[in-house]
>>> print(open('start-v8.txt').read())   # compact mmCIF, C-alpha atoms
# COMPACT_ATOMS: atom_id res chain seq x y z
CA MET O 1 -10.52 2.37 -52.11
CA LEU O 2 -12.12 0.28 -49.41
CA ALA O 3 -8.84 -1.44 -48.60
CA PRO O 4 -7.94 0.74 -45.53
CA PHE O 5 -11.38 0.10 -44.05
CA GLN O 6 -11.01 -3.58 -44.66
CA GLN O 7 -7.66 -3.53 -42.85
CA LEU O 8 -9.14 -1.62 -39.93
CA GLY O 9 -12.05 -4.04 -39.72
CA HIS O 10 -9.69 -6.99 -39.93
CA ALA O 11 -7.54 -5.63 -37.10
CA THR O 12 -10.58 -4.88 -34.91
CA LEU O 13 -12.11 -8.29 -35.46
CA GLY O 14 -8.74 -9.93 -34.81
CA THR O 15 -8.34 -8.08 -31.50
CA MET O 16 -11.89 -8.92 -30.45
CA GLN O 17 -11.40 -12.56 -31.30
CA LYS O 18 -8.19 -12.65 -29.33
CA LEU O 19 -9.87 -11.06 -26.29
CA GLY O 20 -12.66 -13.60 -26.58
CA ARG O 21 -10.21 -16.47 -26.81
CA ALA O 22 -8.36 -15.12 -23.76
CA ASN O 23 -11.59 -15.06 -21.76
CA LEU O 24 -12.69 -18.56 -22.77
CA PHE O 25 -9.15 -19.71 -22.02
CA ILE O 26 -9.15 -18.28 -18.49
CA CYS O 27 -12.59 -19.74 -17.74
CA HIS O 28 -11.32 -23.16 -18.80
CA VAL O 29 -8.17 -22.76 -16.70
CA LEU O 30 -10.19 -21.76 -13.62
CA THR O 31 -12.20 -24.98 -13.82
CA GLY O 32 -8.89 -26.78 -13.25
CA LEU O 33 -8.72 -25.50 -9.66
CA PRO O 34 -10.21 -28.60 -7.96
CA GLU O 35 -7.77 -30.83 -9.79
CA ILE O 36 -4.85 -28.63 -8.71
CA LEU O 37 -5.95 -28.86 -5.09
CA ARG O 38 -6.02 -32.64 -5.39
CA ARG O 39 -2.53 -32.77 -6.91
CA ILE O 40 -0.85 -29.99 -4.97
CA ARG O 41 2.59 -31.16 -6.05
CA LEU O 42 2.06 -29.81 -9.57
CA LEU O 43 1.40 -26.41 -8.04
CA LEU O 44 4.43 -26.56 -5.74
CA ALA O 45 6.82 -27.29 -8.60
CA GLN O 46 5.51 -24.20 -10.40
CA VAL O 47 5.60 -21.98 -7.29
CA TYR O 48 9.25 -22.98 -7.09
CA SER O 49 10.11 -21.97 -10.65
CA VAL O 50 7.87 -18.89 -10.71
CA GLY O 51 8.18 -17.59 -7.16
CA VAL O 52 11.22 -18.97 -5.36
CA LEU O 53 13.60 -18.29 -8.25
CA THR O 54 12.38 -14.67 -8.38
CA ILE O 55 13.14 -13.98 -4.69
CA LEU O 56 16.72 -12.89 -5.29
CA LEU O 57 15.82 -10.46 -8.08
CA VAL O 58 12.97 -8.96 -6.06
CA SER O 59 15.03 -8.64 -2.86
CA VAL O 60 17.99 -6.95 -4.50
CA SER O 61 15.76 -4.57 -6.48
CA GLY O 62 13.72 -3.79 -3.37
CA LEU O 63 16.85 -2.97 -1.39
CA PHE O 64 18.12 -0.56 -4.02
CA VAL O 65 14.73 1.07 -4.61
CA GLY O 66 14.36 1.60 -0.85
CA MET O 67 17.84 3.08 -0.57
CA VAL O 68 17.26 5.44 -3.49
CA LEU O 69 13.95 6.53 -1.94
CA GLY O 70 15.77 7.22 1.32
CA LEU O 71 18.39 9.39 -0.38
CA GLN O 72 16.02 11.29 -2.65
CA GLY O 73 13.39 11.74 0.05
CA TYR O 74 15.98 13.06 2.47
CA ASN O 75 17.20 15.64 -0.05
CA VAL O 76 13.72 17.02 -0.62
CA LEU O 77 12.43 16.75 2.94
CA SER O 78 15.49 18.38 4.50
CA ASP O 79 14.69 21.54 2.50
CA PHE O 80 11.48 21.79 4.53
CA GLY O 81 13.05 20.68 7.79
CA ALA O 82 10.89 17.56 7.73
CA GLU O 83 13.54 14.80 7.69
CA GLN O 84 11.58 13.06 10.43
CA THR O 85 8.84 12.11 8.00
CA LEU O 86 11.30 10.20 5.80
CA GLY O 87 9.96 6.91 7.12
CA VAL O 88 6.41 7.84 6.13
CA MET O 89 7.49 8.81 2.64
CA VAL O 90 9.55 5.67 2.04
CA ALA O 91 6.92 3.31 3.46
CA ALA O 92 3.92 4.96 1.81
CA SER O 93 5.46 5.05 -1.66
CA LEU O 94 6.67 1.46 -1.35
CA VAL O 95 3.53 -0.07 0.11
CA ARG O 96 1.07 1.80 -2.08
CA GLU O 97 2.82 2.04 -5.43
CA LEU O 98 6.34 0.84 -5.95
CA GLY O 99 5.99 -2.50 -4.19
CA PRO O 100 3.15 -3.86 -6.33
CA VAL O 101 4.11 -2.11 -9.59
CA VAL O 102 7.86 -2.71 -9.69
CA THR O 103 7.41 -6.28 -8.47
CA ALA O 104 4.85 -6.90 -11.20
CA LEU O 105 7.20 -5.50 -13.87
CA LEU O 106 10.11 -7.58 -12.60
CA PHE O 107 7.81 -10.59 -12.35
CA ALA O 108 6.70 -10.13 -15.95
CA GLY O 109 10.31 -9.96 -17.09
CA ARG O 110 11.63 -12.84 -15.00
CA ALA O 111 8.73 -15.27 -14.67
CA GLY O 112 6.14 -14.18 -17.25
CA SER O 113 8.51 -14.37 -20.21
CA ALA O 114 9.73 -17.80 -19.08
CA LEU O 115 6.14 -19.06 -18.83
CA THR O 116 5.31 -17.80 -22.31
CA ALA O 117 8.42 -19.29 -23.86
CA GLU O 118 7.93 -22.63 -22.12
CA ILE O 119 4.29 -23.01 -23.10
CA GLY O 120 4.90 -21.66 -26.61
CA LEU O 121 7.69 -24.17 -27.14
CA MET O 122 5.50 -26.98 -25.82
CA LYS O 123 2.95 -26.00 -28.42
CA ALA O 124 5.54 -25.69 -31.21
CA THR O 125 6.95 -29.15 -30.45
CA GLU O 126 3.38 -30.51 -30.29
CA GLN O 127 3.64 -31.66 -26.70
CA LEU O 128 0.27 -30.06 -25.97
CA SER O 129 -1.41 -31.89 -28.87
CA GLY O 130 0.29 -35.06 -27.67
CA MET O 131 -1.34 -34.67 -24.31
CA GLU O 132 -4.72 -34.15 -25.91
CA MET O 133 -4.20 -37.37 -27.82
CA MET O 134 -3.69 -39.12 -24.48
CA ALA O 135 -6.96 -37.57 -23.21
CA VAL O 136 -5.07 -35.32 -20.79
CA ASP O 137 -6.37 -31.76 -20.77
CA PRO O 138 -3.25 -29.59 -21.24
CA LEU O 139 -5.11 -26.53 -19.92
CA LYS O 140 -5.67 -28.28 -16.60
CA ARG O 141 -2.43 -30.23 -16.45
CA ILE O 142 0.04 -27.62 -17.79
CA ILE O 143 -1.52 -24.15 -17.75
CA ALA O 144 -3.60 -24.16 -14.56
CA PRO O 145 -0.71 -24.96 -12.14
CA ARG O 146 1.37 -22.21 -13.72
CA PHE O 147 -1.47 -19.70 -13.58
CA PHE O 148 -2.31 -20.33 -9.92
CA ALA O 149 1.37 -20.39 -8.97
CA GLY O 150 1.78 -16.93 -10.47
CA CYS O 151 -1.32 -15.57 -8.71
CA LEU O 152 -0.08 -16.97 -5.39
CA SER O 153 3.50 -15.77 -5.74
CA MET O 154 2.90 -12.14 -6.69
CA PRO O 155 1.42 -10.86 -3.39
CA LEU O 156 4.16 -12.65 -1.44
CA LEU O 157 6.87 -11.20 -3.65
CA ALA O 158 5.38 -7.71 -3.41
CA SER O 159 5.26 -7.91 0.40
CA LEU O 160 8.88 -9.02 0.39
CA PHE O 161 9.81 -6.15 -1.91
CA SER O 162 8.10 -3.58 0.34
CA MET O 163 9.66 -4.96 3.51
CA ILE O 164 13.18 -5.00 2.10
CA GLY O 165 12.63 -1.56 0.59
CA VAL O 166 11.65 -0.16 4.00
CA MET O 167 14.78 -1.74 5.46
CA GLY O 168 16.85 -0.16 2.67
CA GLY O 169 15.32 3.23 3.37
CA TYR O 170 16.03 2.69 7.06
CA PHE O 171 19.71 1.88 6.44
CA VAL O 172 20.21 4.96 4.30
CA GLY O 173 18.03 7.34 6.33
CA VAL O 174 18.95 6.33 9.87
CA GLY O 175 22.32 4.72 9.29
CA LEU O 176 23.88 7.03 6.74
CA LEU O 177 22.05 10.35 6.94
CA GLY O 178 21.35 10.46 10.66
CA VAL O 179 17.55 10.68 10.78
CA ASP O 180 16.30 9.95 14.29
CA GLU O 181 15.46 6.26 14.59
CA GLY O 182 12.47 6.70 16.89
CA ALA O 183 10.90 9.37 14.68
CA PHE O 184 11.48 7.26 11.57
CA TRP O 185 9.48 4.30 12.90
CA SER O 186 6.91 6.09 15.04
CA GLN O 187 5.88 8.56 12.33
CA MET O 188 5.66 5.66 9.90
CA ARG O 189 3.45 3.69 12.24
CA SER O 190 1.13 6.57 12.98
CA ARG O 191 0.66 7.59 9.34
CA ILE O 192 0.54 4.27 7.49
CA ASP O 193 -2.88 2.70 7.92
CA PHE O 194 -3.22 -1.07 7.82
CA TYR O 195 -6.46 -1.19 5.85
CA ASP O 196 -6.02 1.88 3.64
CA ASP O 197 -2.40 1.31 2.72
CA ILE O 198 -1.25 -2.24 3.29
CA VAL O 199 -4.42 -4.13 2.40
CA ASN O 200 -4.91 -1.95 -0.69
CA GLY O 201 -1.31 -2.60 -1.73
CA LEU O 202 -1.92 -6.31 -1.26
CA ILE O 203 -5.07 -6.17 -3.42
CA LYS O 204 -3.09 -4.35 -6.09
CA SER O 205 -0.36 -6.95 -6.12
CA ALA O 206 -2.90 -9.78 -6.31
CA VAL O 207 -4.63 -8.12 -9.28
CA PHE O 208 -1.29 -7.57 -11.01
CA GLY O 209 -0.40 -11.21 -10.36
CA VAL O 210 -3.57 -12.36 -12.11
CA ILE O 211 -3.03 -9.96 -15.02
CA VAL O 212 0.64 -10.74 -15.62
CA THR O 213 0.26 -14.51 -15.35
CA TRP O 214 -2.88 -14.52 -17.46
CA ILE O 215 -1.15 -12.61 -20.24
CA ALA O 216 1.95 -14.81 -20.00
CA VAL O 217 0.19 -18.17 -20.19
CA PHE O 218 -2.30 -17.00 -22.80
CA GLU O 219 0.36 -15.57 -25.10
CA GLY O 220 2.26 -18.83 -24.84
CA TYR O 221 -0.82 -20.92 -25.54
CA ASP O 222 -1.92 -18.65 -28.38
CA ALA O 223 1.55 -18.40 -30.00
CA VAL O 224 2.10 -19.27 -33.63
CA PRO O 225 3.82 -22.66 -33.28
CA THR O 226 7.11 -21.74 -34.93
CA SER O 227 10.36 -20.50 -33.40
CA GLU O 228 9.62 -17.00 -34.67
CA GLY O 229 6.09 -17.16 -33.31
CA VAL O 230 7.34 -18.15 -29.86
CA SER O 231 9.89 -15.34 -29.78
CA ARG O 232 7.21 -12.83 -30.79
CA ALA O 233 4.83 -14.19 -28.18
CA THR O 234 7.49 -13.78 -25.49
CA THR O 235 8.09 -10.17 -26.48
CA ARG O 236 4.35 -9.47 -26.57
CA SER O 237 3.90 -11.09 -23.18
CA VAL O 238 6.36 -8.70 -21.50
CA VAL O 239 5.17 -5.62 -23.40
CA TYR O 240 1.45 -6.24 -22.82
CA SER O 241 2.10 -7.07 -19.16
CA ALA O 242 3.92 -3.79 -18.63
CA PHE O 243 1.12 -1.80 -20.31
CA ALA O 244 -1.60 -3.65 -18.46
CA VAL O 245 0.09 -3.29 -15.08
CA LEU O 246 0.67 0.45 -15.45
CA GLY O 247 -2.82 1.07 -16.85
CA TRP O 248 -4.56 -0.98 -14.16
CA ASP O 249 -2.40 0.69 -11.54
CA PHE O 250 -3.95 4.01 -12.49
CA VAL O 251 -7.46 2.56 -12.35
CA LEU O 252 -6.88 0.86 -8.99
CA THR O 253 -5.19 3.94 -7.51
CA ALA O 254 -8.10 6.11 -8.63
CA LEU O 255 -10.55 3.68 -6.99
CA MET O 256 -8.58 3.26 -3.76
CA PHE O 257 -6.99 6.63 -3.11
CA GLY O 258 -8.85 8.97 -5.47
CA GLY O 259 -11.95 9.36 -3.29
CA ASP O 260 -10.53 11.57 -0.56
CA MET F 1 15.67 -30.57 -11.78
CA GLN F 2 15.80 -30.89 -8.02
CA SER F 3 14.10 -33.61 -6.04
CA SER F 4 10.54 -32.96 -4.99
CA LYS F 5 11.47 -32.75 -1.30
CA ALA F 6 13.93 -29.92 -1.95
CA ILE F 7 11.28 -28.12 -4.00
CA GLU F 8 8.76 -28.47 -1.20
CA ILE F 9 11.24 -27.07 1.31
CA TRP F 10 12.04 -24.11 -0.94
CA VAL F 11 8.38 -23.35 -1.55
CA GLY F 12 7.70 -23.59 2.17
CA LEU F 13 10.52 -21.15 2.87
CA PHE F 14 9.24 -18.81 0.16
CA VAL F 15 5.71 -18.73 1.55
CA ALA F 16 7.04 -18.28 5.09
CA VAL F 17 9.29 -15.38 4.04
CA GLY F 18 6.40 -13.73 2.18
CA LEU F 19 4.10 -14.04 5.18
CA ILE F 20 6.79 -12.73 7.53
CA ALA F 21 7.19 -9.73 5.24
CA LEU F 22 3.45 -9.10 5.35
CA PHE F 23 3.44 -9.49 9.13
CA PHE F 24 6.34 -7.04 9.39
CA LEU F 25 4.46 -4.51 7.25
CA ALA F 26 1.33 -4.95 9.36
CA MET F 27 2.93 -4.70 12.79
CA GLN F 28 6.01 -2.56 12.29
CA VAL F 29 5.11 -0.24 9.44
CA SER F 30 1.38 0.29 9.92
CA ASN F 31 -0.83 1.18 12.84
CA LEU F 32 -2.41 -2.27 13.19
CA ALA F 33 -0.70 -2.96 16.52
CA GLU F 34 -2.15 0.21 18.00
CA LEU F 35 -5.62 -0.42 16.63
CA ARG F 36 -5.69 -3.88 18.20
CA SER F 37 -4.78 -2.73 21.70
CA ASN F 38 -7.55 -0.13 21.67
CA ASP F 39 -10.41 -2.60 21.72
CA ASP F 40 -11.44 -2.02 25.33
CA SER F 41 -10.63 1.69 25.33
CA TYR F 42 -13.10 4.16 26.81
CA ARG F 43 -14.78 7.00 25.00
CA ILE F 44 -14.95 10.68 25.91
CA VAL F 45 -16.51 13.55 24.01
CA ALA F 46 -15.56 17.20 23.67
CA ARG F 47 -17.25 20.09 21.85
CA PHE F 48 -15.22 22.69 19.99
CA GLU F 49 -16.18 25.89 18.26
CA ASN F 50 -13.62 25.25 15.56
CA ILE F 51 -11.51 22.15 15.08
CA GLY F 52 -9.28 23.54 12.32
CA SER F 53 -7.91 20.63 10.29
CA LEU F 54 -8.17 17.98 13.01
CA ARG F 55 -8.73 14.56 11.50
CA VAL F 56 -9.96 11.19 12.67
CA ARG F 57 -7.09 9.13 14.19
CA ALA F 58 -5.22 12.24 15.29
CA PRO F 59 -3.41 11.60 18.58
CA VAL F 60 -4.78 12.67 21.96
CA SER F 61 -1.98 13.46 24.37
CA VAL F 62 -1.46 14.43 27.99
CA ALA F 63 1.84 16.11 28.83
CA GLY F 64 3.08 15.12 25.37
CA VAL F 65 2.38 11.40 25.85
CA THR F 66 -0.14 9.88 23.44
CA VAL F 67 -2.95 8.32 25.48
CA GLY F 68 -5.58 7.84 22.78
CA ARG F 69 -6.86 8.77 19.35
CA VAL F 70 -9.70 10.77 17.84
CA SER F 71 -12.28 8.20 16.76
CA ALA F 72 -15.04 10.33 15.22
CA ILE F 73 -15.80 13.93 14.33
CA SER F 74 -19.34 15.17 13.78
CA PHE F 75 -21.29 18.42 13.66
CA ASP F 76 -24.05 19.37 16.08
CA ASN F 77 -27.00 20.91 14.22
CA GLN F 78 -28.41 22.62 17.31
CA THR F 79 -25.36 24.32 18.79
CA TYR F 80 -23.29 24.59 15.58
CA GLU F 81 -20.33 23.06 17.31
CA ALA F 82 -17.98 20.28 16.28
CA VAL F 83 -18.33 17.16 18.40
CA VAL F 84 -15.10 15.22 18.71
CA GLU F 85 -15.17 11.69 20.07
CA MET F 86 -11.92 10.30 21.49
CA ARG F 87 -10.94 6.81 22.52
CA ILE F 88 -8.56 6.73 25.45
CA ASP F 89 -6.35 3.80 26.36
CA PRO F 90 -7.80 2.08 29.46
CA LYS F 91 -4.37 2.27 31.10
CA TYR F 92 -4.98 5.99 31.59
CA ASP F 93 -8.27 5.95 33.52
CA THR F 94 -7.49 8.53 36.20
CA LEU F 95 -8.02 11.74 34.21
CA PRO F 96 -9.89 14.22 36.48
CA ILE F 97 -13.40 15.22 35.47
CA ASP F 98 -12.40 18.89 35.05
CA THR F 99 -9.70 18.08 32.46
CA SER F 100 -9.58 20.65 29.66
CA ALA F 101 -9.01 19.86 25.99
CA SER F 102 -7.36 22.10 23.40
CA ILE F 103 -6.49 21.58 19.76
CA LEU F 104 -2.79 22.11 19.23
CA THR F 105 -0.42 21.90 16.28
CA ALA F 106 2.69 19.74 16.21
CA GLY F 107 5.44 22.01 14.95
CA LEU F 108 4.81 25.02 12.76
CA LEU F 109 3.14 23.20 9.87
CA GLY F 110 2.55 19.85 11.52
CA GLU F 111 -0.58 17.88 12.11
CA GLN F 112 -3.15 18.95 14.65
CA TYR F 113 -3.75 16.91 17.77
CA ILE F 114 -5.73 17.20 20.99
CA GLY F 115 -3.86 18.11 24.15
CA LEU F 116 -5.55 17.33 27.46
CA SER F 117 -4.49 19.17 30.59
CA PRO F 118 -5.69 17.51 33.81
CA GLY F 119 -7.53 19.57 36.40
CA GLY F 120 -7.70 19.03 40.15
CA ALA F 121 -11.04 17.27 40.73
CA GLU F 122 -11.28 14.03 42.70
CA GLU F 123 -13.63 12.27 40.29
CA HIS F 124 -12.33 10.60 37.12
CA LEU F 125 -13.58 10.74 33.54
CA ALA F 126 -15.45 7.56 32.57
CA ASP F 127 -16.84 6.11 29.34
CA GLY F 128 -19.19 8.55 27.57
CA ASP F 129 -18.28 11.60 29.68
CA GLU F 130 -17.96 15.02 28.13
CA ILE F 131 -15.09 17.46 28.60
CA GLU F 132 -16.58 20.87 29.42
CA LEU F 133 -13.52 23.08 29.09
CA THR F 134 -12.32 23.26 25.51
CA GLN F 135 -10.18 25.55 23.47
CA SER F 136 -10.56 25.71 19.70
CA ALA F 137 -7.88 25.32 17.09
CA ILE F 138 -5.86 28.36 16.22
CA VAL F 139 -6.52 29.25 12.61
CA LEU F 140 -3.50 31.02 11.25
CA GLU F 141 -5.49 33.40 9.01
CA GLN F 142 -7.59 34.59 11.97
CA VAL F 143 -4.50 35.21 14.09
CA ILE F 144 -2.85 37.20 11.32
CA SER F 145 -5.96 39.24 10.54
CA ARG F 146 -6.49 40.01 14.26
CA PHE F 147 -2.89 41.13 14.49
CA LEU F 148 -3.25 43.34 11.43
CA PHE F 149 -6.53 44.86 12.73
CA ASN F 150 -4.92 45.59 16.08
CA LYS F 151 -2.07 47.32 14.32
CA ALA F 152 -4.45 49.32 12.15
CA GLU F 153 -6.50 50.36 15.22
CA GLY F 154 -3.38 51.35 17.13
CA GLY F 155 -2.50 53.18 13.87
CA GLY F 156 -0.94 56.63 13.35
CA ALA F 157 1.24 57.74 16.27
CA SER F 158 1.91 54.40 18.01
CA GLY F 159 2.22 52.50 14.69
CA GLY F 160 5.85 53.37 14.16
CA ALA F 161 6.74 52.47 17.74
CA ALA F 162 5.01 49.08 17.45
CA THR F 163 6.97 48.14 14.32
CA SER F 164 10.28 49.10 15.84
CA SER F 165 9.56 47.06 18.97
CA GLU F 166 8.80 43.89 16.94
>>> encode(input="start-v8.txt", output="structure tokens")
Amino acid sequence: MLAPFQQLGHATLGTMQKLGRANLFICHVLTGLPEILRRIRLLLAQVYSVGVLTILLVSVSGLFVGMVLGLQGYNVLSDFGAEQTLGVMVAASLVRELGPVVTALLFAGRAGSALTAEIGLMKATEQLSGMEMMAVDPLKRIIAPRFFAGCLSMPLLASLFSMIGVMGGYFVGVGLLGVDEGAFWSQMRSRIDFYDDIVNGLIKSAVFGVIVTWIAVFEGYDAVPTSEGVSRATTRSVVYSAFAVLGWDFVLTALMFGGD
Amino acid sequence: MQSSKAIEIWVGLFVAVGLIALFFLAMQVSNLAELRSNDDSYRIVARFENIGSLRVRAPVSVAGVTVGRVSAISFDNQTYEAVVEMRIDPKYDTLPIDTSASILTAGLLGEQYIGLSPGGAEEHLADGDEIELTQSAIVLEQVISRFLFNKAEGGGASGGAATSSE
């Protein structure tokens, strides 16, 4: 009769323990920062595999998202005779929301899953234990460069996404649909605020970078060291990242734009 | 795996592209460029009975050309008027002292802005000066209700004529 309660308690305790492990893990990884700064090459190699290889995906997605925003925005705005504000609409939605969020989701799919699989496999093939045997701290040598590379890459990728999206909206709006070029840019510049919109978007993307990379490296490190365990960890990494990004996006939006 | 030099070059390019994108967003998409150039702007004040939905950073224009922005809006407890502070680009420092300010609307539903119309005085407005001649925002509900009251007062005999002449 008490079995359901026992299961509930087991699940709760398991979740709590996992959260606790994740926090201890991140604290340990953060102490690896001085070592990373001394051996910057470790970081560069990871920025390459996490950031540079994601550029193409982010650019192409940004272009299409911007073009779709241009088309859809034009359809709605032309009903109100306000085609001139197309630039504001495209830029505001990209810089505030779509840039950070879509980039974070793409980043979780492209880079986060790879990080989880790589670290999980290292654990399954006992490379991490091997390092410990040689008195090398795998958290500082393996995990920390990957974590900081992810945190560094996300804001850059999100900026790139927003810029290319604005260009996409410009091509569709001004090039295809005939919105006035001067109005497109000048309205955008007068309505998009540097601190309220762009800096807040940047903060969002940095927070998402921390969240997605944290989840990815922790799931890999915490994976059950079998092939099935690694595959499950990879799935969990992407799913949890998507949930966390969308949930935190609401919280951050409420804090940044909810006041007024 | 590529050589470490190639990786360094790629990472350098990546960081540069990301920073260029951020720079583009800051200068081309947002108002940062305008904010920067306004550092040595001068300040003038105007009092309005009603500012409608005028907001901080609304444009201030003369003859349709934007010469500055609204920098602060406050309320005067003694005179019950709205006090609007504007920052004007130092390039435009020859506005006469009897310039009048009115709150206008861009388009039918557009944003409100301040339009300055220069007077004929010899002296120029300087930092901290106040514009004496002001005209409040037109509040659409007040215009409509005034119109309806006028119609009702005209009433009866002339009412039918007024409608047909509209």
>>> closest_atom_pairs(input="start-v8.txt", of="chain O", to="chain F", cutoff="9 Å", atoms="only C-alpha atoms", output="JSON lines")
{"residue": "O:Arg41", "atom": "CA", "partner": "F:Ser4", "partner_atom": "CA", "distance": 8.2}
{"residue": "O:Leu44", "atom": "CA", "partner": "F:Glu8", "partner_atom": "CA", "distance": 6.6}
{"residue": "O:Ala45", "atom": "CA", "partner": "F:Ile7", "partner_atom": "CA", "distance": 6.5}
{"residue": "O:Val47", "atom": "CA", "partner": "F:Val11", "partner_atom": "CA", "distance": 6.5}
{"residue": "O:Tyr48", "atom": "CA", "partner": "F:Val11", "partner_atom": "CA", "distance": 5.6}
{"residue": "O:Gly51", "atom": "CA", "partner": "F:Phe14", "partner_atom": "CA", "distance": 7.5}
{"residue": "O:Val52", "atom": "CA", "partner": "F:Phe14", "partner_atom": "CA", "distance": 5.9}
{"residue": "O:Ile55", "atom": "CA", "partner": "F:Phe14", "partner_atom": "CA", "distance": 7.9}
{"residue": "O:Gly87", "atom": "CA", "partner": "F:Val29", "partner_atom": "CA", "distance": 8.9}
{"residue": "O:Val88", "atom": "CA", "partner": "F:Val29", "partner_atom": "CA", "distance": 8.8}
{"residue": "O:Ala91", "atom": "CA", "partner": "F:Val29", "partner_atom": "CA", "distance": 7.2}
{"residue": "O:Val95", "atom": "CA", "partner": "F:Leu25", "partner_atom": "CA", "distance": 8.5}
{"residue": "O:Ser153", "atom": "CA", "partner": "F:Val15", "partner_atom": "CA", "distance": 8.2}
{"residue": "O:Pro155", "atom": "CA", "partner": "F:Gly18", "partner_atom": "CA", "distance": 8.0}
{"residue": "O:Leu156", "atom": "CA", "partner": "F:Gly18", "partner_atom": "CA", "distance": 4.4}
{"residue": "O:Leu157", "atom": "CA", "partner": "F:Gly18", "partner_atom": "CA", "distance": 6.4}
{"residue": "O:Ala158", "atom": "CA", "partner": "F:Gly18", "partner_atom": "CA", "distance": 8.3}
{"residue": "O:Ser159", "atom": "CA", "partner": "F:Leu22", "partner_atom": "CA", "distance": 5.4}
{"residue": "O:Leu160", "atom": "CA", "partner": "F:Ala21", "partner_atom": "CA", "distance": 5.2}
{"residue": "O:Phe161", "atom": "CA", "partner": "F:Ala21", "partner_atom": "CA", "distance": 8.4}
{"residue": "O:Ser162", "atom": "CA", "partner": "F:Leu25", "partner_atom": "CA", "distance": 7.9}
{"residue": "O:Met163", "atom": "CA", "partner": "F:Ala21", "partner_atom": "CA", "distance": 5.6}
{"residue": "O:Ile164", "atom": "CA", "partner": "F:Ala21", "partner_atom": "CA", "distance": 8.3}
{"residue": "O:Val166", "atom": "CA", "partner": "F:Val29", "partner_atom": "CA", "distance": 8.5}
{"residue": "O:Trp185", "atom": "CA", "partner": "F:Val29", "partner_atom": "CA", "distance": 7.2}
{"residue": "O:Ser186", "atom": "CA", "partner": "F:Val29", "partner_atom": "CA", "distance": 8.6}
{"residue": "O:Met188", "atom": "CA", "partner": "F:Val29", "partner_atom": "CA", "distance": 5.9}
{"residue": "O:Arg189", "atom": "CA", "partner": "F:Ser30", "partner_atom": "CA", "distance": 4.6}
{"residue": "O:Ser190", "atom": "CA", "partner": "F:Asn31", "partner_atom": "CA", "distance": 5.7}
{"residue": "O:Arg191", "atom": "CA", "partner": "F:Ser30", "partner_atom": "CA", "distance": 7.4}
{"residue": "O:Ile192", "atom": "CA", "partner": "F:Ser30", "partner_atom": "CA", "distance": 4.7}
{"residue": "O:Asp193", "atom": "CA", "partner": "F:Ser30", "partner_atom": "CA", "distance": 5.3}
{"residue": "O:Phe194", "atom": "CA", "partner": "F:Ser30", "partner_atom": "CA", "distance": 5.2}
{"residue": "O:Tyr195", "atom": "CA", "partner": "F:Leu32", "partner_atom": "CA", "distance": 8.5}
{"residue": "O:Asp197", "atom": "CA", "partner": "F:Ser30", "partner_atom": "CA", "distance": 8.2}
{"residue": "O:Ile198", "atom": "CA", "partner": "F:Ala26", "partner_atom": "CA", "distance": 7.1}
{"residue": "O:Leu202", "atom": "CA", "partner": "F:Leu22", "partner_atom": "CA", "distance": 9.0}
>>> closest_residue(input="start-v8.txt", among="F:Lys151, F:Arg87, F:Val60, F:Arg55", to="Ile73 (chain F)", atoms="all atoms listed in the file")
F:Arg55
>>> atom_distance(input="start-v8.txt", atom1="CA of Phe208 (chain O)", atom2="CA of Val245 (chain O)")
6.1 Å
>>> axis_aligned_box(input="start-v8.txt", around="region 10-21 of chain O", padding_each_side="3 Å", output="JSON")
{"center_x": -10.1, "center_y": -10.7, "center_z": -33.1, "size_x": 11.1, "size_y": 17.6, "size_z": 19.6}
>>> residues_around(input="start-v8.txt", residues="Gly165 (chain O)", least_positions_apart="4", cutoff="6 Å", atoms="all atoms listed in the file", output="MDAnalysis selection string")
chainID O and resid 62:63 66 161
>>> residues_around(input="start-v8.txt", residues="Ser136 (chain F)", least_positions_apart="5", cutoff="7 Å", atoms="only C-alpha atoms", output="PyMOL selection string")
chain F and resi 48-51+102-103
>>> closest_residue(input="start-v8.txt", among="O:Val60, O:Val238, O:Leu115, O:Val199", to="Pro145 (chain O)", atoms="only C-alpha atoms")
O:Leu115
>>> residues_around(input="start-v8.txt", residues="region 77-86 of chain F", least_positions_apart="2", cutoff="7 Å", atoms="all atoms listed in the file", output="list in words")
Arg43, Ile44, Val45, Ala46, Arg47, Phe48, Glu49, Asn50, Ile51, Gly68, Arg69, Val70, Ser71, Ala72, Ile73, Ser74, Phe75 and Ile88 of chain F
>>> residues_around(input="start-v8.txt", residues="Val90 (chain O)", least_positions_apart="6", cutoff="10 Å", atoms="only C-alpha atoms", output="PyMOL selection string")
chain O and resi 65-74+98+162+165-170+173+184+188
>>> write_last_selection(input="start-v8.txt", atoms="C-alpha atoms", output="short mmCIF file (atom, residue, chain, number, x, y, z; two decimals), in the frame of the given file")
data_model
loop_
_atom_site.label_atom_id
_atom_site.label_comp_id
_atom_site.auth_asym_id
_atom_site.auth_seq_id
_atom_site.Cartn_x
_atom_site.Cartn_y
_atom_site.Cartn_z
CA VAL O 65 14.73 1.07 -4.61
CA GLY O 66 14.36 1.60 -0.85
CA MET O 67 17.84 3.08 -0.57
CA VAL O 68 17.26 5.44 -3.49
CA LEU O 69 13.95 6.53 -1.94
CA GLY O 70 15.77 7.22 1.32
CA LEU O 71 18.39 9.39 -0.38
CA GLN O 72 16.02 11.29 -2.65
CA GLY O 73 13.39 11.74 0.05
CA TYR O 74 15.98 13.06 2.47
CA LEU O 98 6.34 0.84 -5.95
CA SER O 162 8.10 -3.58 0.34
CA GLY O 165 12.63 -1.56 0.59
CA VAL O 166 11.65 -0.16 4.00
CA MET O 167 14.78 -1.74 5.46
CA GLY O 168 16.85 -0.16 2.67
CA GLY O 169 15.32 3.23 3.37
CA TYR O 170 16.03 2.69 7.06
CA GLY O 173 18.03 7.34 6.33
CA PHE O 184 11.48 7.26 11.57
CA MET O 188 5.66 5.66 9.90
#
